[in-house]
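Trainee: Provided herewith is a single structure, encoded as C-alpha cells, for subsequent inquiry.
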Amino acid sequence: MSEDLYPDALLALARDTSHAGRLEAHDASATADNPLCGDRVTIDVTLKGNGIAEVRHHTRGCVLCRAAASILAAKAEGSSRAAIAVAEAAVRAMLEKGDDLHGAWQELIVFNQVAPHKSRHGCVLLPFRAMSEALS
Amino acid sequence: MTAFDVERLRAEFPILGRSFDGIPLHYLDNAATSQTPLAVLDAVRRHETENRANVLRGIHRLAEAATAAYENARQTVARYLNARSPAEIIFCSGTTAAINLVARTLGERFVAGEEVAVSHLEHHSNILPWQLLRDRRGVAVTVIDVTPDGRIDVAHLERILTKRTRLVAITHVSNVTGAVTDMAAVVVAARRVGALVLVDGAQRAPHGPIDVQALDVDFYAFSGHKVYGPNGIGVLWGRRALLDAMPPFLGGGEMIKTVTFERSTYADVPHRFEAGTPPIAQAVGLGAALDWVIKLDSAMVESHLTGLTERILVGLQDVDRGRNIIRVIGPTGLQARMPVVSFSVAGAHPHDICQLLDRYGCALRGGHHCAQPLMDRFDVAGTTRASLAPYNNREDVDAFIAGLDKALKKLL
Ligand SMILES: Cc1ncc(COP(=O)(O)O)c(C=O)c1O
C-alpha cells in the first residue's frame, strides 16, 4: 500500500531543513539529476582528514529524495568516506534485494517499504549519487 | 440514447473493471496511453487467428487477405484524416518515429543557416529530432513562446518566423496543458514566409477525425496507442508531392522497385517509407480503433468530457481552499482545450501525489511529461496531470479530487 511508503518519520525527515542549503566554502561538491522526474540534488562537503566535516544538500525532489538527503547529510558529518560507501551499498541492497541494513545507518530503515516500488528507488539513491560524485 | 451512456461505453473496456484490494481503478492517464476497447482486441485477434501472414509479396490466400487488411487499415486512416489518397498514409511505430522520419528525409535537404521553428509546448519527440538535425546539418532551431496560460503565443510566432524558416514543427494539442493550437494562425504565418508545417497530432487524434486538407498543413503525425489502438503503430501523413520528393529513410525489404549491387530503385509512396515487415496486426487494430472513434457521437462525447474537465478544474479550486497552493499549468477555462489538466502544488512533489493517488485506485501521471523546456518555462520541476477519455465518469474525477485532498493533507 502506497501510504506505508510515507510513514510520519519519513515525512518529518523530508521536512527537516537542518542540513539544507549550500556551503560557500566547500572542499567538494556535486549535483546529480534524475532524468525520469527532473529531481536534482546538490551536495556540498567540507573535509577534515579522511572524514567529512560538514554537509549541506540543496534538493529539489520528492519526499523520498528529500528524506534521503536529510539522513545522508546529517549522518555523513563526522563519518568516513568508507562509512558513507557502506551506507549507500546497504540502502541499495535493501531496496533492490530486500536485505536488511546490517549495521549501516539504521535511520535508512524508513525506506524499507520502497523496495517493491522499483520506479522510486532512484529517488532514495539520488542524494547518495551526488555524494559519491562529490567525494570521488 | 438521450444522455451520454458512459456505463455502456465502459463495458467495452474490460480493463476498466479492474480493482486493487477492492478499490476500483480510476484511469486518468489517457494522454500517456489510452485503453483499448473489445472491438479493437477482437479485430486483432480475428486477424491473427484467421489472416496472419506477411504482406505485399505473398501469392497465397492468407498473404492476400493480410495485405488487404493492412491496406484497408490505411484507407481507414486516410478517411480519419481526410487525406486525398491512402498513398499519403505511412505506417510507422508512432509519433516519435513519424517525426524522425521527416527530419531524416525532408530535413536532410535543409542547409546551414536555415531554420526549423518549434514551440515551447513541444513534447521531446518534436524537439530532439530537430536538435539532431541541427547537429548534422547546421540548421538552427528557433522556439515559439507560450502565453502564461500555456498556449502558443501567436504574436511571437509571427515575429520569429523568417524567410529562412523551412519548417514549423508544432503540436496540435499540448500533452501538458491541453491547449488546442490555433492552427489556422500557424499556417498563415508559416505560408507568409514559405515554410512547411508539421503537426504533432498525438494528443489531438484521440478526440475525433481530423481534416488535414482543411487544416492545410503538410505533415501530420499520431500514435495508435493514444487513439484506443495497439502500440507499436503510428501514422505519418504527408502531402503527396512532398512525400514523392523525399528520399528513402530506412532501407530494406518492401521499399524497393529493383535491387542490384550497383544501384537500387525505390518503391513509390507510401511503401518507400515502410522498409521491412510492417506492424500488420497493429495496423488492423488501429483501423478498428479509428472506426470505433468515428462511431462515437462526437457532440455527446465532447460535452461529456467538457463537463468532466470543468469538474476537475472546480475540484482543484475546492482542494486549494483559497490557499493558493494549486497552480494550473495551462488554460483554466474550457475554451479551445482538450480534457487534459496539469497542475503543480506548492510543497508537494508530483510523484508523491501520484503515489498516494494510486492508493485510491487513481492512475495519473506526474513529472515533466517529456516536456522539460515547458517545465522550465513555468518554473516547475514537474506537474501532476489528469487526462480523460470518453469512458471516464464522474466517479473517476471525484475519486481523484478526494484522493488529492487526502494526499495533500498528508504531504503538506
Ligand atoms: C504531444 C505528444 N507528442 C508525441 C508523443 C510521443 O508519442 P509516441 O511515444 O507514441 O511516439 C506524445 C506521447 O507521449 C505526445 O503526447
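In the C-alpha cells, each chain is lettered A, B, ... as it comes, each chain's residues begin at 1, and ligands are numbered from 1 in order of appearance.
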Given a cut-off of 7 Å, what residues near ligand 1 show up using only C-alpha atoms and all ligand atoms, put as a PyMOL selection string?

Mentor: chain B and resi 31-32+94-97+122-123+125-126+171+173-175+200-203+223+225

Trainee: What does the file look like for those residues with C-alpha atoms, as a CSV table (one decimal), in the first residue's frame?

Mentor:
```csv
chain,number,residue,atom,x,y,z
B,31,ALA,CA,-2.7,11.2,-22.6
B,32,ALA,CA,0.1,8.7,-21.9
B,94,GLY,CA,4.4,6.0,-33.6
B,95,THR,CA,4.5,9.8,-33.4
B,96,THR,CA,8.2,9.8,-32.5
B,97,ALA,CA,9.1,7.6,-35.5
B,122,GLU,CA,6.5,20.5,-27.6
B,123,HIS,CA,7.0,17.0,-26.4
B,125,SER,CA,9.8,13.9,-29.6
B,126,ASN,CA,9.2,17.1,-31.5
B,171,THR,CA,1.9,20.4,-31.5
B,173,VAL,CA,-2.7,19.8,-28.6
B,174,SER,CA,-0.3,20.1,-25.8
B,175,ASN,CA,0.2,16.9,-23.8
B,200,ASP,CA,2.3,16.6,-33.8
B,201,GLY,CA,-1.2,15.3,-33.5
B,202,ALA,CA,-0.6,12.7,-30.8
B,203,GLN,CA,-2.9,14.4,-28.4
B,223,SER,CA,0.3,7.3,-32.4
B,225,HIS,CA,-1.8,3.6,-28.5
```

Trainee: Do a neighbour search on A:Glu77 at 6 Å with only C-alpha atoms, toss out local chain neighbours closer than 3 positions, and write the hits as a list in words.

Mentor: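 Once the adjacent positions are removed, what remains is Ile52, Ala53, Glu54 and Ala74 of chain A.
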
Trainee: Pick the closest to chain A from B:Thr384, B:Thr105, B:Thr76, B:Gln213: which is it, counting only C-alpha atoms?

Mentor: B:Thr384

Trainee: Write down as a PyMOL selection string the residues of stretch 17-131 of chain A whose backbone DSSP state falls under helix (DSSP H, G or I).

Mentor: chain A and resi 63-76+81-97+106-114+118-131

Trainee: Could the residues of chain A within 10 Å of chain B, counting only C-alpha atoms, be given as a ChimeraX atom specification, please?

Mentor: /A:1-8,11-12,14-15,35-40,60-64,117,120,123

Trainee: Determine, counting only C-alpha atoms, which protein, DNA and RNA residues have an atom within 7 Å of an atom of A:Ala73; residues of the same chain fewer than 2 positions away are not included. Present the result as number ranges by chain.

Mentor: A: 19, 55-57, 69-71, 75-77

Trainee: Taking C-alpha atoms for each residue, export the selection above as a compact mmCIF listing (two decimals), in the first residue's frame.

Mentor:
```txt
# COMPACT_ATOMS: atom_id res chain seq x y z
CA HIS A 19 21.18 20.43 6.62
CA VAL A 55 27.49 18.66 4.66
CA ARG A 56 24.72 20.66 3.08
CA HIS A 57 22.26 19.48 0.46
CA ALA A 69 19.16 13.80 1.57
CA SER A 70 18.37 14.76 5.17
CA ILE A 71 19.58 11.45 6.55
CA LYS A 75 24.85 11.12 9.21
CA ALA A 76 27.73 11.90 6.88
CA GLU A 77 29.01 14.67 9.10
```

Trainee: Could you write out, as a PyMOL selection string, all the residues of stretch 96-239 of chain B that DSSP marks as strand (DSSP E or B)?

Mentor: chain B and resi 115-119+140-144+146+152+165-171+173+179-180+196-200+219-223+234-238

Trainee: So which residues touch B:Gly234 within 12 Å, counting only C-alpha atoms, skipping near sequence neighbours fewer than 6 positions away, as an MDAnalysis selection string?

Mentor: chainID B and resid 73:74 77 89:99 101 200:202 205 220:228 274 278:280 282:287

Trainee: Now that the selection is made, can you save its residues with N, CA, C and O atoms as a compact mmCIF listing (two decimals), in the first residue's frame?

Mentor:
```txt
# COMPACT_ATOMS: atom_id res chain seq x y z
N ALA B 73 -6.68 -0.89 -43.58
CA ALA B 73 -6.42 -0.03 -42.41
C ALA B 73 -5.88 1.32 -42.89
O ALA B 73 -6.22 2.37 -42.35
N ARG B 74 -5.07 1.28 -43.92
CA ARG B 74 -4.51 2.53 -44.47
C ARG B 74 -5.66 3.41 -44.98
O ARG B 74 -5.65 4.63 -44.80
N VAL B 77 -7.38 5.05 -42.08
CA VAL B 77 -6.61 6.20 -41.58
C VAL B 77 -6.79 7.39 -42.53
O VAL B 77 -6.99 8.52 -42.08
N ILE B 89 -0.58 8.01 -46.59
CA ILE B 89 -0.54 7.48 -45.21
C ILE B 89 0.64 6.53 -45.08
O ILE B 89 0.68 5.48 -45.74
N ILE B 90 1.58 6.87 -44.23
CA ILE B 90 2.72 6.00 -43.98
C ILE B 90 2.58 5.41 -42.58
O ILE B 90 2.41 6.16 -41.60
N PHE B 91 2.62 4.09 -42.50
CA PHE B 91 2.60 3.46 -41.18
C PHE B 91 4.02 3.43 -40.62
O PHE B 91 4.98 3.10 -41.33
N CYS B 92 4.12 3.76 -39.34
CA CYS B 92 5.41 3.68 -38.67
C CYS B 92 5.11 3.29 -37.23
O CYS B 92 3.99 2.88 -36.93
N SER B 93 6.07 3.40 -36.33
CA SER B 93 5.83 2.85 -34.99
C SER B 93 5.13 3.83 -34.06
O SER B 93 4.66 3.44 -33.00
N GLY B 94 5.06 5.09 -34.44
CA GLY B 94 4.40 6.05 -33.55
C GLY B 94 4.74 7.46 -33.95
O GLY B 94 5.42 7.70 -34.97
N THR B 95 4.29 8.40 -33.15
CA THR B 95 4.54 9.81 -33.44
C THR B 95 6.04 10.10 -33.50
O THR B 95 6.51 10.82 -34.39
N THR B 96 6.77 9.55 -32.55
CA THR B 96 8.21 9.78 -32.50
C THR B 96 8.87 9.35 -33.81
O THR B 96 9.67 10.08 -34.40
N ALA B 97 8.51 8.15 -34.25
CA ALA B 97 9.10 7.62 -35.48
C ALA B 97 8.68 8.49 -36.67
O ALA B 97 9.48 8.75 -37.58
N ALA B 98 7.45 8.95 -36.67
CA ALA B 98 6.95 9.75 -37.79
C ALA B 98 7.73 11.05 -37.91
O ALA B 98 8.13 11.46 -39.01
N ILE B 99 7.95 11.71 -36.79
CA ILE B 99 8.66 13.00 -36.82
C ILE B 99 10.12 12.77 -37.21
O ILE B 99 10.69 13.51 -38.02
N LEU B 101 11.21 10.45 -39.05
CA LEU B 101 11.25 10.13 -40.49
C LEU B 101 11.35 11.43 -41.30
O LEU B 101 12.16 11.54 -42.22
N ASP B 200 2.30 17.72 -34.76
CA ASP B 200 2.31 16.59 -33.84
C ASP B 200 0.88 16.45 -33.33
O ASP B 200 0.44 17.22 -32.48
N GLY B 201 0.18 15.47 -33.88
CA GLY B 201 -1.24 15.30 -33.54
C GLY B 201 -1.49 14.23 -32.48
O GLY B 201 -2.62 13.78 -32.30
N ALA B 202 -0.42 13.83 -31.76
CA ALA B 202 -0.56 12.72 -30.81
C ALA B 202 -1.71 12.93 -29.82
O ALA B 202 -2.43 11.99 -29.49
N ALA B 205 -5.47 13.45 -32.03
CA ALA B 205 -6.07 12.34 -32.75
C ALA B 205 -7.09 11.54 -31.93
O ALA B 205 -8.09 11.08 -32.48
N TYR B 220 1.32 15.35 -40.75
CA TYR B 220 0.55 15.15 -39.52
C TYR B 220 0.95 13.80 -38.95
O TYR B 220 0.99 12.80 -39.66
N ALA B 221 1.28 13.78 -37.67
CA ALA B 221 1.76 12.54 -37.04
C ALA B 221 0.89 12.20 -35.83
O ALA B 221 0.47 13.09 -35.09
N PHE B 222 0.62 10.90 -35.65
CA PHE B 222 -0.03 10.48 -34.40
C PHE B 222 0.29 9.02 -34.09
O PHE B 222 0.88 8.32 -34.91
N SER B 223 -0.09 8.59 -32.88
CA SER B 223 0.25 7.26 -32.37
C SER B 223 -1.00 6.42 -32.14
O SER B 223 -1.99 6.92 -31.60
N GLY B 224 -0.90 5.14 -32.47
CA GLY B 224 -2.03 4.23 -32.27
C GLY B 224 -2.43 4.06 -30.81
O GLY B 224 -3.61 4.01 -30.48
N HIS B 225 -1.44 3.98 -29.93
CA HIS B 225 -1.76 3.64 -28.54
C HIS B 225 -2.48 4.75 -27.79
O HIS B 225 -2.98 4.53 -26.70
N LYS B 226 -2.52 5.94 -28.38
CA LYS B 226 -3.27 7.03 -27.73
C LYS B 226 -4.67 7.19 -28.32
O LYS B 226 -5.45 8.00 -27.84
N VAL B 227 -4.96 6.46 -29.40
CA VAL B 227 -6.29 6.53 -30.02
C VAL B 227 -7.02 5.21 -29.83
O VAL B 227 -7.74 4.76 -30.72
N TYR B 228 -6.82 4.59 -28.65
CA TYR B 228 -7.55 3.37 -28.28
C TYR B 228 -7.11 2.17 -29.12
O TYR B 228 -7.79 1.16 -29.17
N GLU B 274 8.25 2.38 -45.81
CA GLU B 274 7.85 1.28 -44.92
C GLU B 274 8.76 0.08 -45.14
O GLU B 274 8.32 -1.01 -45.52
N PRO B 278 5.98 -4.62 -41.90
CA PRO B 278 5.37 -3.59 -41.06
C PRO B 278 4.59 -4.22 -39.89
O PRO B 278 4.40 -5.43 -39.85
N PRO B 279 4.13 -3.41 -38.97
CA PRO B 279 3.29 -3.90 -37.86
C PRO B 279 1.88 -4.15 -38.39
O PRO B 279 1.04 -3.25 -38.36
N ILE B 280 1.64 -5.35 -38.86
CA ILE B 280 0.41 -5.63 -39.63
C ILE B 280 -0.81 -5.72 -38.71
O ILE B 280 -1.80 -5.00 -38.91
N GLN B 282 -1.08 -4.65 -35.81
CA GLN B 282 -1.24 -3.35 -35.16
C GLN B 282 -1.97 -2.38 -36.08
O GLN B 282 -2.80 -1.58 -35.63
N ALA B 283 -1.66 -2.46 -37.37
CA ALA B 283 -2.36 -1.58 -38.32
C ALA B 283 -3.85 -1.95 -38.37
O ALA B 283 -4.72 -1.07 -38.38
N VAL B 284 -4.12 -3.25 -38.36
CA VAL B 284 -5.51 -3.70 -38.36
C VAL B 284 -6.22 -3.18 -37.11
O VAL B 284 -7.34 -2.68 -37.16
N GLY B 285 -5.52 -3.28 -35.97
CA GLY B 285 -6.09 -2.78 -34.72
C GLY B 285 -6.31 -1.27 -34.76
O GLY B 285 -7.33 -0.77 -34.27
N LEU B 286 -5.37 -0.57 -35.36
CA LEU B 286 -5.52 0.89 -35.46
C LEU B 286 -6.75 1.24 -36.31
O LEU B 286 -7.54 2.12 -35.95
N GLY B 287 -6.90 0.51 -37.41
CA GLY B 287 -8.08 0.75 -38.26
C GLY B 287 -9.36 0.55 -37.46
O GLY B 287 -10.30 1.36 -37.52
```

Trainee: Would you mind telling me which residue in A:Lys118, A:Arg66, A:Arg81, A:Arg92 lies nearest to A:Ser132 when using only C-alpha atoms?

Mentor: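 That would be A:Arg81, the residue with the smallest distance to A:Ser132.
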
Trainee: List the neighbours of B:Pro209 out to 7 Å using only C-alpha atoms; skip same-chain residues closer than 4 positions along the sequence, and give me the result as JSON, numbers by chain.

Mentor: {"B": [80, 81, 205, 294]}
